[in-house]
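Notes to accompany the following structure.
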Amino acid sequence: MHKKILLFSLFFLSSIVTFAQTRIDGIVADAKTGDRLPAAHIIIEGTYSGTIANEDGEFSLIVRYFPATIVVRYIGFETQKRTIDRNHSGPLDFLLKESVAEMEQLVVTTEDPAIAIMKEVIARKKIWRAKLNTYKAEAYSRQQLLNDTTIVSVTESVSEVFWDKKKGPREVLKSRRQTANMEGADNFAGVSYLPNFYDDELDIAGFDVVGITDERALKYYTFKLVDFTSIDNKIVFEISVEPRRKLQPLFEGTIFVLDEDFALLSVKLKPNNVIVFPPPVQDFNLYYEQQFSNFGGDFWLPVDVRIDGLVEVGIVGLRFPPIGFHQVSKMNNYQVNVDLPDSLYKSFSLFSIDSTTIAKSDSIFKNTIEPVPLSSKETAAYKILDSTATLEKSFRPKGFLTRFIDWDEETEGGETTVSDGTNSGDTGSTGNRRNQKRDGFISKFISDLSPTGRFNRVDVFNIGLKHQRRYYNRRLESNVNLGYSIGYEDFSYGAMLSWWPLKNTRRFVVSAKYNADTFSSYNSDLYGLTFASVMPLFGFDDYFNYYRSEKLELAAGYRPSRHRFTYRFYYNYEEHSSINFKTSYDILGRNNIQRINPQIEDGTLSALRFQVSSGDLTNNFGVVELNGASFTIEQSAKVIGSDWDYTRFKINLFKRFNTFYKKRFFPNALDIRVNAGTYLGDLPVQKNGALDASFGYITPFGAFRSKRYIPYQGSSYFAVNAEHNFRSVPLEILGWRNAPQTGLSVIAFGGVGKTWNSSSNINQFGVLGTDDLHLEVGGSLSNIFNLFRIDLAFRIDDPGFYPGVSVARFF
């Protein structure tokens with residue numbers, strides 16, 4: 001009975017506390033004009049509890065103890081206080097009156113008054129900062145990404161932030177929420193990486209910037225008193241900040257200093273133009289605003305951080321829309337000089353996640369913290385942005401390089417209506433309308449036609465046409481192609497039909513395809529037949545070997561919602577035959593005798609193939625970062641009508657690891673490509689894999705730069721290609737301070753690979769594999785003229801140097 005009474009008492013007391021907790025909503029505005037006052041500071045007197053108003057002057061505050069005095073401060077206005085009790089209901093609005101500042105006449109000297117003011121600020125800071133060892137606070141953050149002025153994502157987080165004078169900041173994420181088009185794992189809203197403008201040095205995108213209250217500040221900055229206002233009957237000095245050193249990363253803008261206390265109240269600063277980023281970043285702007293308060297105590301602590309940014313990224317052939325960024329973060333409920341858990345600093349990571357609370361976003365956001373109220377635009381974004389409004393769609397680039405980007409769209413909109421020039425009000429005859437419809441059909445048909453062409457030593461020129469069209473809200477797509485090979489004098493033709501049966505999503509697709517054409521007898525993941533036309537057309541060795549195939553393919557693909565893997569299943573029935581024709585013709589008349597086109601194992605192939613893939617594997621020749629992987633297994637068996645029994649395995653992997661200078665906008669990065677395959681059973685030679693070689697003197701990432709023209713072929717094979725992009729860091733170490741502005745990057749690379757082939761493959765079918773391990777290392781200078789890179793490879797197993805050029809690595 002005693003235990004039951006105790007439990008009942010505890011429940012009753014907790015109920016009283018919960019009942020007593022009240023959320024107060026209101027606005028802060030100018031009493032004279034009615035204009036809202038964004039970022040006004042609202043606190044509960046005598047505590048560290050408080051919040052800030054949003055950009056519309058709206059605030060929300062949780063009051064746990066009554067009576068409570070709510071204090072609202074805003075520079076240039078008279079502070080206002082309101083006391084409320086537990087029975088308070090309804091909004092609590094504050095209309096602030098403009099403060100009238102009166103200041104004694106300044107004595108004119110050769111030194112600007114701001115110099116003396118800042119000397120005192122620095123001296124006072126040194127005193128109180130010496131006594132500040134640790135603090136702990138509650139934090140709320142919200143980030144927006146914008147395309148022009150349109151919000152494309154919103155992410156929010158609730159966290160606890162910790163600071164130690166010697167060990168630095170840490171942050172424990174308690175809860176997060178975001179618009180439906182963002183995954184929780186992509187929610188990076190937080191405060192631990194944000195600047196505190198009372199620090200001596202600040203890390204801004206990898207640049208160490210001397211702070212405005214550092215002891216050296218007067219050597220690095222010019223301070224000028226430009227105006228004054230007041231708050232709480234004290235003068236507030238408005239001081240401009242300008243860099244004194246043209247080549248030093250510094251800040252510029254305006255700060256507000258409280259007289260008598262000589263403390264920073266607010267800053268409005270931006271990095272100077274020395275903080276720039278290499279191409280492809282065309283423009284980069286950041287604007288910081290931050291407020292401070294001592295909450296009635298000795299220490300001036302951050303109240304908030306507000307950031308606005310705009311990044312423009314583009315290169316020749318690839319231009320992204322401007323990427324806007326807006327963040328607001330606030331800190332309150334400080335606990336000063338408290339013991340911090342040692343576990344916070346066992347990891348070097350600034351972030352950790354509280355697994356017990358991370359999934360409780362609704363209760364935490366509604367009951368335990370005071371988020372800065374959403375603006376009307378942000379509220380609308382939560383309603384409008386669903387999982388189909390991907391960032392890829394919002395920031396889709398333009399330019400010819402977009403062909404190397406795989407648009408993996410979640411949904412498709414309705415079918416576009418193409419105007420045929422008719423007038424909706426036309427009252428002409430039925431015959432005229434029929435003519436107009438016929439003309440419209442012909443116009444659409446012609447617009448969906450495109451020419452095709454390629455050149456190699458067996459096709460010579462293959463020239464044709466392709467027709468592609470989508471129907472029924474883009475859920476049905478047809479492809480038809482017809483061509484003719486001048487070399488071995490035969491037609492190539494085919495048709496494909498793809499269908500996305502699920503409404504409003506393209507996550508599931510089924511397709512059927514029939515093709516009769518020329519194919520390569522070894523598979524390259526980097527080059528296609530059309531791209532490979534360049535080398536033989538200008539008299540260099542043909543990259544591929546060829547055979548003729550007539551094949552039927554049935555396929556289905558599915559990617560589950562919010563799932564990173566895509567699953568594809570294929571059935572192929574193919575008739576393979578050798579091509580005996582070969583030419584050495586080229587348009588320059590170089591008289592390079594092309595090798596014969598070797599025979600294949602003629603026969604019928606019937607096979608099932610399954611592939612699981614994740615990420616992006618689009619061929620881009622190392623222009624931009626790739627992160628993706630695929631695993632493929634293919635089974636051919638005589639019991640399903642095949643002439644061969646085999647099981648074939650294949651792995652393709654691209655992965656990037658950020659290594660050094662991770663805080664920079666473009667950190668040092670290691671890119672790796674793994675390409676491997678093997679088999680069981682009786683594999684025909686035309687199903688071999690390839691380790692790609694350089695395309696003459698064109699040396700893209702993923703190919704061996706010290707192997708030219710013809711790739712290594714193998715029934716089993718593996719290769720690892722890697723390159724580390726040091727960006728401009730080596731040039732900066734050598735003393736070139738402006739190296740980041742040039743965009744130049746220093747890259748080290750290496751590769752290793754080997755193939756395995758049977759003696760019959762080598763002797764009968766002329767397969768060219770490795771004798772042993774292929775080993776190479778080298779270096780590159782990239783982003784020359786923001787477009788090219790120069791590579792120099794050294795082959796270790798067969799010593800020699802191999803120069804080459806390729807497209808610059810932009811990302």
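Ligands are numbered from 1 in the order shown, residues from 1 within each chain, and chains are lettered A, B, ... in the order they appear in the structure tokens.
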
Please list as a VMD selection string every residue within 8 Å of Gly804 (chain A), counting only C-alpha atoms and excluding residues in the same chain fewer than 5 positions away. chain A and resid 697 to 699 705 790 to 792

Let me see the file: selected residues, N, CA, C and O atoms, as a JSON list (two decimals), in the first residue's frame.
```json
[["chain", "number", "residue", "atom", "x", "y", "z"],
["A", 697, "TYR", "N", 45.81, 8.68, -76.57],
["A", 697, "TYR", "CA", 46.39, 9.58, -75.58],
["A", 697, "TYR", "C", 45.33, 10.20, -74.67],
["A", 697, "TYR", "O", 45.63, 11.08, -73.87],
["A", 698, "ILE", "N", 44.10, 9.73, -74.81],
["A", 698, "ILE", "CA", 43.04, 10.16, -73.91],
["A", 698, "ILE", "C", 42.99, 9.17, -72.76],
["A", 698, "ILE", "O", 42.76, 7.98, -72.96],
["A", 699, "THR", "N", 43.20, 9.67, -71.54],
["A", 699, "THR", "CA", 43.44, 8.79, -70.40],
["A", 699, "THR", "C", 42.45, 9.04, -69.27],
["A", 699, "THR", "O", 42.79, 9.68, -68.26],
["A", 705, "ARG", "N", 46.20, 3.94, -67.70],
["A", 705, "ARG", "CA", 46.78, 5.05, -68.46],
["A", 705, "ARG", "C", 48.07, 4.65, -69.17],
["A", 705, "ARG", "O", 48.53, 5.38, -70.05],
["A", 790, "ILE", "N", 46.40, 17.02, -67.42],
["A", 790, "ILE", "CA", 47.55, 16.34, -68.03],
["A", 790, "ILE", "C", 47.97, 15.21, -67.11],
["A", 790, "ILE", "O", 48.17, 15.41, -65.91],
["A", 791, "ASP", "N", 48.07, 14.00, -67.66],
["A", 791, "ASP", "CA", 48.44, 12.82, -66.88],
["A", 791, "ASP", "C", 49.81, 12.31, -67.34],
["A", 791, "ASP", "O", 50.13, 12.33, -68.54],
["A", 792, "LEU", "N", 50.59, 11.84, -66.38],
["A", 792, "LEU", "CA", 51.86, 11.17, -66.69],
["A", 792, "LEU", "C", 51.91, 9.89, -65.88],
["A", 792, "LEU", "O", 52.00, 9.93, -64.65]]
```

Could you give me, as an MDAnalysis selection string, the residues within 9 Å of Phe461 (chain A), counting only C-alpha atoms and dropping anything in the same chain fewer than 3 positions from it? chainID A and resid 453:458 484:487

Fewer than 4 positions away in the same chain doesn't count, so skip those; otherwise give me all residues within 8 Å of region 765-781 of chain A, counting only C-alpha atoms, as a ChimeraX atom specification. /A:598-600,685,704-706,711-714,744-757,760-761,789-797

Distance in Å - CA of Leu502 (chain A) versus CA of Tyr514 (chain A):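 Interatomic distance, CA of Leu502 (chain A) to CA of Tyr514 (chain A): 24.0 Å.
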
If you run DSSP over the backbone, which residues in region 463-635 of chain A end up alpha helix (DSSP H)? Put them as a ChimeraX atom specification. /A:534-537

Dump N, CA, C and O atoms for the selected residues as a JSON list (two decimals), in the first residue's frame?
```
[["chain", "number", "residue", "atom", "x", "y", "z"],
["A", 534, "VAL", "N", 35.84, 6.89, -82.99],
["A", 534, "VAL", "CA", 36.82, 7.94, -83.26],
["A", 534, "VAL", "C", 38.18, 7.37, -83.64],
["A", 534, "VAL", "O", 38.82, 7.84, -84.60],
["A", 535, "MET", "N", 38.65, 6.35, -82.91],
["A", 535, "MET", "CA", 40.01, 5.86, -83.12],
["A", 535, "MET", "C", 40.21, 5.26, -84.51],
["A", 535, "MET", "O", 41.10, 5.69, -85.24],
["A", 536, "PRO", "N", 39.44, 4.26, -84.94],
["A", 536, "PRO", "CA", 39.69, 3.70, -86.28],
["A", 536, "PRO", "C", 39.37, 4.69, -87.40],
["A", 536, "PRO", "O", 39.96, 4.62, -88.47],
["A", 537, "LEU", "N", 38.44, 5.62, -87.16],
["A", 537, "LEU", "CA", 38.09, 6.60, -88.18],
["A", 537, "LEU", "C", 39.29, 7.48, -88.53],
["A", 537, "LEU", "O", 39.44, 7.93, -89.68]]
```

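You will find CA of Phe657 (chain A) at 10.9 Å from CA of Ala722 (chain A).
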
Write out as a tab-separated table the residues of region 571-679 of chain A that have any atom within 12 Å of an atom of region 275-295 of chain A, one row each with the nearest atom pair and its distance in Å to one decimal, counting only C-alpha atoms, sorted by chain and then rising number.
```
residue	atom	partner	partner_atom	distance
A:Val623	CA	A:Pro280	CA	11.1
A:Val624	CA	A:Pro280	CA	10.7
A:Arg664	CA	A:Phe277	CA	9.0
A:Phe665	CA	A:Phe277	CA	7.4
A:Phe666	CA	A:Phe277	CA	8.2
A:Pro667	CA	A:Phe277	CA	11.1
```

Between A:Ile587, A:Ile315, A:Trp644, A:Asp682, smallest distance to Asn783 (chain A) by only C-alpha atoms belongs to A:Ile315

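Neighbouring residues of Ser524 (chain A) at 10 Å or closer, counting only C-alpha atoms and skipping chain neighbours under 5 positions away, are A:Leu529, A:Tyr543, A:Phe544, A:Asn688, A:Gly689, A:Ala690, A:Leu691, A:Asp692, A:Ala693, A:Pro711, A:Gln713.
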
Residue contacts of Glu378 (chain A) (8 Å, only C-alpha atoms) excluding same-chain residues fewer than 3 positions away, as a list in words: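 What passes the distance filter is Ile151, Val154, Leu374, Ser375, Ala381 and Tyr382 of chain A.
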
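With distances restricted to only C-alpha atoms, A:Val316 is the closest residue to Phe400 (chain A) from A:Val316, A:Leu202, A:Leu92, A:Val372.
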
As a short mmCIF file (atom, residue, chain, number, x, y, z; two decimals) with all heavy atoms, in the first residue's frame, which residues of region 578-666 of chain A does DSSP assign to strand (DSSP E)?
```
data_model
loop_
_atom_site.label_atom_id
_atom_site.label_comp_id
_atom_site.auth_asym_id
_atom_site.auth_seq_id
_atom_site.Cartn_x
_atom_site.Cartn_y
_atom_site.Cartn_z
N SER A 578 29.93 -15.15 -86.21
CA SER A 578 31.16 -14.39 -86.46
C SER A 578 30.98 -13.46 -87.65
O SER A 578 30.15 -13.69 -88.54
CB SER A 578 32.33 -15.34 -86.71
OG SER A 578 32.55 -16.19 -85.61
N GLY A 603 26.74 -19.83 -82.05
CA GLY A 603 25.76 -20.68 -81.39
C GLY A 603 24.60 -19.89 -80.82
O GLY A 603 24.45 -18.69 -81.05
N THR A 604 23.78 -20.61 -80.04
CA THR A 604 22.58 -20.04 -79.43
C THR A 604 22.81 -19.86 -77.93
O THR A 604 23.23 -20.81 -77.25
CB THR A 604 21.37 -20.95 -79.65
OG1 THR A 604 21.14 -21.09 -81.05
CG2 THR A 604 20.13 -20.37 -78.99
N LEU A 605 22.53 -18.68 -77.45
CA LEU A 605 22.67 -18.38 -76.02
C LEU A 605 21.28 -18.15 -75.43
O LEU A 605 20.50 -17.33 -75.93
CB LEU A 605 23.52 -17.14 -75.79
CG LEU A 605 23.61 -16.66 -74.34
CD1 LEU A 605 24.42 -17.65 -73.50
CD2 LEU A 605 24.23 -15.27 -74.25
N SER A 606 20.97 -18.88 -74.38
CA SER A 606 19.75 -18.66 -73.61
C SER A 606 20.17 -18.50 -72.16
O SER A 606 20.77 -19.42 -71.58
CB SER A 606 18.78 -19.84 -73.78
OG SER A 606 17.60 -19.62 -73.03
N ALA A 607 19.89 -17.33 -71.57
CA ALA A 607 20.46 -17.05 -70.25
C ALA A 607 19.51 -16.19 -69.42
O ALA A 607 18.77 -15.35 -69.94
CB ALA A 607 21.81 -16.36 -70.39
N LEU A 608 19.59 -16.39 -68.11
CA LEU A 608 18.91 -15.56 -67.13
C LEU A 608 19.96 -14.69 -66.44
O LEU A 608 21.06 -15.17 -66.12
CB LEU A 608 18.18 -16.41 -66.10
CG LEU A 608 17.08 -17.34 -66.63
CD1 LEU A 608 16.60 -18.27 -65.52
CD2 LEU A 608 15.91 -16.52 -67.16
N ARG A 609 19.62 -13.44 -66.20
CA ARG A 609 20.58 -12.52 -65.56
C ARG A 609 19.89 -11.72 -64.47
O ARG A 609 18.77 -11.22 -64.67
CB ARG A 609 21.17 -11.57 -66.61
CG ARG A 609 22.28 -10.68 -66.06
CD ARG A 609 23.05 -10.03 -67.20
NE ARG A 609 22.38 -8.85 -67.75
CZ ARG A 609 21.76 -8.80 -68.91
NH1 ARG A 609 21.70 -9.90 -69.69
NH2 ARG A 609 21.19 -7.69 -69.35
N PHE A 610 20.55 -11.61 -63.32
CA PHE A 610 20.03 -10.83 -62.20
C PHE A 610 21.08 -9.81 -61.79
O PHE A 610 22.26 -10.12 -61.68
CB PHE A 610 19.70 -11.74 -61.01
CG PHE A 610 19.29 -10.98 -59.78
CD1 PHE A 610 18.03 -10.39 -59.68
CD2 PHE A 610 20.17 -10.85 -58.71
CE1 PHE A 610 17.66 -9.67 -58.55
CE2 PHE A 610 19.80 -10.15 -57.57
CZ PHE A 610 18.56 -9.56 -57.49
N GLN A 611 20.62 -8.59 -61.56
CA GLN A 611 21.54 -7.52 -61.16
C GLN A 611 20.95 -6.71 -60.01
O GLN A 611 19.76 -6.38 -60.03
CB GLN A 611 21.82 -6.57 -62.34
CG GLN A 611 22.81 -5.46 -62.01
CD GLN A 611 22.98 -4.48 -63.16
OE1 GLN A 611 22.13 -3.63 -63.40
NE2 GLN A 611 24.08 -4.63 -63.89
N VAL A 612 21.75 -6.43 -59.03
CA VAL A 612 21.37 -5.52 -57.95
C VAL A 612 22.38 -4.38 -57.96
O VAL A 612 23.59 -4.59 -58.05
CB VAL A 612 21.33 -6.23 -56.58
CG1 VAL A 612 22.66 -6.90 -56.24
CG2 VAL A 612 20.92 -5.26 -55.49
N SER A 613 21.87 -3.16 -57.90
CA SER A 613 22.76 -2.00 -58.00
C SER A 613 22.31 -0.92 -57.03
O SER A 613 21.16 -0.88 -56.58
CB SER A 613 22.79 -1.46 -59.43
OG SER A 613 21.50 -1.02 -59.83
N SER A 614 23.23 -0.02 -56.73
CA SER A 614 22.94 1.09 -55.83
C SER A 614 23.81 2.27 -56.23
O SER A 614 24.97 2.10 -56.63
CB SER A 614 23.24 0.71 -54.38
OG SER A 614 23.07 1.81 -53.52
N GLY A 615 23.24 3.47 -56.13
CA GLY A 615 24.02 4.67 -56.41
C GLY A 615 24.13 4.96 -57.89
O GLY A 615 23.34 4.48 -58.72
N GLY A 628 28.75 4.31 -56.42
CA GLY A 628 27.76 3.32 -56.80
C GLY A 628 28.39 1.94 -56.91
O GLY A 628 29.62 1.81 -57.00
N ALA A 629 27.54 0.93 -56.89
CA ALA A 629 28.03 -0.45 -56.99
C ALA A 629 26.97 -1.31 -57.65
O ALA A 629 25.76 -1.04 -57.53
CB ALA A 629 28.39 -1.01 -55.62
N SER A 630 27.42 -2.32 -58.36
CA SER A 630 26.49 -3.28 -58.94
C SER A 630 27.11 -4.68 -58.87
O SER A 630 28.33 -4.84 -58.97
CB SER A 630 26.16 -2.93 -60.40
OG SER A 630 27.27 -3.12 -61.23
N PHE A 631 26.24 -5.65 -58.69
CA PHE A 631 26.64 -7.06 -58.72
C PHE A 631 25.71 -7.77 -59.70
O PHE A 631 24.49 -7.66 -59.59
CB PHE A 631 26.55 -7.70 -57.34
CG PHE A 631 26.78 -9.19 -57.35
CD1 PHE A 631 28.05 -9.71 -57.53
CD2 PHE A 631 25.71 -10.07 -57.21
CE1 PHE A 631 28.26 -11.07 -57.56
CE2 PHE A 631 25.91 -11.43 -57.24
CZ PHE A 631 27.19 -11.94 -57.41
N THR A 632 26.31 -8.51 -60.64
CA THR A 632 25.53 -9.19 -61.68
C THR A 632 25.89 -10.67 -61.69
O THR A 632 27.07 -11.03 -61.61
CB THR A 632 25.82 -8.58 -63.06
OG1 THR A 632 25.58 -7.18 -63.03
CG2 THR A 632 24.94 -9.21 -64.12
N ILE A 633 24.86 -11.50 -61.80
CA ILE A 633 25.06 -12.94 -61.98
C ILE A 633 24.24 -13.39 -63.18
O ILE A 633 23.07 -13.00 -63.31
CB ILE A 633 24.69 -13.72 -60.70
CG1 ILE A 633 24.92 -15.21 -60.90
CG2 ILE A 633 23.27 -13.42 -60.24
CD1 ILE A 633 24.80 -16.02 -59.62
N GLU A 634 24.87 -14.13 -64.07
CA GLU A 634 24.20 -14.60 -65.29
C GLU A 634 24.32 -16.10 -65.37
O GLU A 634 25.42 -16.66 -65.18
CB GLU A 634 24.84 -13.95 -66.52
CG GLU A 634 24.20 -14.35 -67.85
CD GLU A 634 24.80 -13.57 -69.01
OE1 GLU A 634 24.54 -12.37 -69.11
OE2 GLU A 634 25.54 -14.18 -69.81
N GLN A 635 23.20 -16.76 -65.68
CA GLN A 635 23.18 -18.22 -65.76
C GLN A 635 22.69 -18.65 -67.13
O GLN A 635 21.58 -18.31 -67.55
CB GLN A 635 22.26 -18.79 -64.68
CG GLN A 635 22.14 -20.31 -64.70
CD GLN A 635 23.45 -21.00 -64.36
OE1 GLN A 635 24.01 -20.78 -63.29
NE2 GLN A 635 23.96 -21.82 -65.28
N SER A 636 23.55 -19.37 -67.83
CA SER A 636 23.19 -19.97 -69.12
C SER A 636 23.19 -21.49 -68.94
O SER A 636 24.06 -22.04 -68.26
CB SER A 636 24.19 -19.56 -70.19
OG SER A 636 23.96 -20.26 -71.40
N TYR A 646 27.10 -22.14 -68.20
CA TYR A 646 28.04 -21.35 -67.39
C TYR A 646 27.29 -20.49 -66.39
O TYR A 646 26.09 -20.21 -66.56
CB TYR A 646 28.94 -20.47 -68.28
CG TYR A 646 28.21 -19.34 -68.98
CD1 TYR A 646 27.93 -18.13 -68.32
CD2 TYR A 646 27.80 -19.46 -70.31
CE1 TYR A 646 27.27 -17.10 -68.97
CE2 TYR A 646 27.13 -18.44 -70.96
CZ TYR A 646 26.87 -17.26 -70.28
OH TYR A 646 26.20 -16.24 -70.92
N THR A 647 28.00 -20.07 -65.37
CA THR A 647 27.53 -19.06 -64.41
C THR A 647 28.58 -17.96 -64.37
O THR A 647 29.75 -18.24 -64.14
CB THR A 647 27.34 -19.65 -63.01
OG1 THR A 647 26.49 -20.80 -63.08
CG2 THR A 647 26.72 -18.62 -62.08
N ARG A 648 28.14 -16.77 -64.63
CA ARG A 648 29.08 -15.64 -64.74
C ARG A 648 28.78 -14.62 -63.64
O ARG A 648 27.62 -14.30 -63.36
CB ARG A 648 28.93 -14.98 -66.10
CG ARG A 648 29.91 -13.85 -66.38
CD ARG A 648 29.67 -13.32 -67.78
NE ARG A 648 30.60 -12.26 -68.14
CZ ARG A 648 30.24 -11.13 -68.72
NH1 ARG A 648 28.97 -10.90 -68.97
NH2 ARG A 648 31.13 -10.22 -69.04
N PHE A 649 29.85 -14.11 -63.00
CA PHE A 649 29.73 -13.12 -61.92
C PHE A 649 30.49 -11.85 -62.30
O PHE A 649 31.57 -11.93 -62.90
CB PHE A 649 30.31 -13.67 -60.61
CG PHE A 649 29.77 -15.02 -60.22
CD1 PHE A 649 30.44 -16.18 -60.61
CD2 PHE A 649 28.61 -15.14 -59.47
CE1 PHE A 649 29.96 -17.43 -60.26
CE2 PHE A 649 28.12 -16.39 -59.11
CZ PHE A 649 28.80 -17.54 -59.51
N LYS A 650 29.94 -10.73 -61.91
CA LYS A 650 30.59 -9.46 -62.23
C LYS A 650 30.32 -8.43 -61.13
O LYS A 650 29.20 -8.33 -60.62
CB LYS A 650 30.09 -8.91 -63.57
CG LYS A 650 30.72 -7.60 -63.97
CD LYS A 650 30.16 -7.08 -65.28
CE LYS A 650 30.75 -5.73 -65.63
NZ LYS A 650 30.18 -5.17 -66.88
N ILE A 651 31.35 -7.66 -60.78
CA ILE A 651 31.25 -6.57 -59.80
C ILE A 651 31.79 -5.30 -60.44
O ILE A 651 32.84 -5.31 -61.09
CB ILE A 651 32.05 -6.88 -58.53
CG1 ILE A 651 31.44 -8.07 -57.78
CG2 ILE A 651 32.08 -5.67 -57.60
CD1 ILE A 651 32.27 -8.53 -56.60
N ASN A 652 31.06 -4.21 -60.25
CA ASN A 652 31.52 -2.89 -60.69
C ASN A 652 31.28 -1.91 -59.54
O ASN A 652 30.17 -1.83 -59.03
CB ASN A 652 30.78 -2.43 -61.94
CG ASN A 652 31.43 -1.24 -62.60
OD1 ASN A 652 32.61 -0.97 -62.40
ND2 ASN A 652 30.66 -0.50 -63.39
N LEU A 653 32.32 -1.19 -59.14
CA LEU A 653 32.21 -0.32 -57.96
C LEU A 653 32.94 0.98 -58.20
O LEU A 653 34.08 1.00 -58.67
CB LEU A 653 32.81 -1.03 -56.74
CG LEU A 653 33.05 -0.18 -55.48
CD1 LEU A 653 31.72 0.20 -54.84
CD2 LEU A 653 33.93 -0.92 -54.49
N PHE A 654 32.27 2.09 -57.86
CA PHE A 654 32.90 3.40 -57.77
C PHE A 654 32.65 3.94 -56.37
O PHE A 654 31.52 3.90 -55.87
CB PHE A 654 32.30 4.38 -58.79
CG PHE A 654 32.74 4.17 -60.20
CD1 PHE A 654 32.02 3.35 -61.05
CD2 PHE A 654 33.88 4.79 -60.69
CE1 PHE A 654 32.41 3.15 -62.36
CE2 PHE A 654 34.28 4.61 -62.00
CZ PHE A 654 33.55 3.78 -62.84
N LYS A 655 33.68 4.44 -55.72
CA LYS A 655 33.52 4.94 -54.36
C LYS A 655 34.47 6.11 -54.11
O LYS A 655 35.62 6.08 -54.54
CB LYS A 655 33.82 3.84 -53.34
CG LYS A 655 33.62 4.26 -51.89
CD LYS A 655 32.18 4.61 -51.57
CE LYS A 655 31.99 4.97 -50.11
NZ LYS A 655 30.61 5.41 -49.82
N ARG A 656 33.94 7.14 -53.42
CA ARG A 656 34.77 8.28 -53.03
C ARG A 656 34.87 8.33 -51.51
O ARG A 656 33.89 8.15 -50.79
CB ARG A 656 34.20 9.60 -53.54
CG ARG A 656 34.82 10.83 -52.85
CD ARG A 656 34.53 12.11 -53.56
NE ARG A 656 35.25 12.19 -54.81
CZ ARG A 656 35.28 13.29 -55.58
NH1 ARG A 656 34.60 14.37 -55.21
NH2 ARG A 656 35.95 13.31 -56.71
N PHE A 657 36.11 8.64 -51.02
CA PHE A 657 36.36 8.87 -49.61
C PHE A 657 37.00 10.24 -49.45
O PHE A 657 38.04 10.52 -50.06
CB PHE A 657 37.31 7.81 -49.05
CG PHE A 657 36.82 6.39 -49.19
CD1 PHE A 657 37.16 5.63 -50.29
CD2 PHE A 657 36.01 5.83 -48.21
CE1 PHE A 657 36.72 4.33 -50.43
CE2 PHE A 657 35.56 4.53 -48.35
CZ PHE A 657 35.90 3.78 -49.45
N ASN A 658 36.36 11.11 -48.66
CA ASN A 658 36.99 12.38 -48.31
C ASN A 658 38.10 12.11 -47.30
O ASN A 658 37.88 11.41 -46.31
CB ASN A 658 35.96 13.35 -47.74
CG ASN A 658 34.97 13.81 -48.79
OD1 ASN A 658 35.29 13.86 -49.98
ND2 ASN A 658 33.77 14.15 -48.38
#
```

CA of Leu95 (chain A) to CA of Val72 (chain A), straight-line distance in Å: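 CA of Leu95 (chain A) lies at a distance of 9.7 Å from CA of Val72 (chain A).
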
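Counting only C-alpha atoms, the residue from A:Tyr198, A:Phe299, A:Tyr65, A:Phe395 that sits nearest to Ser153 (chain A) is A:Phe395.
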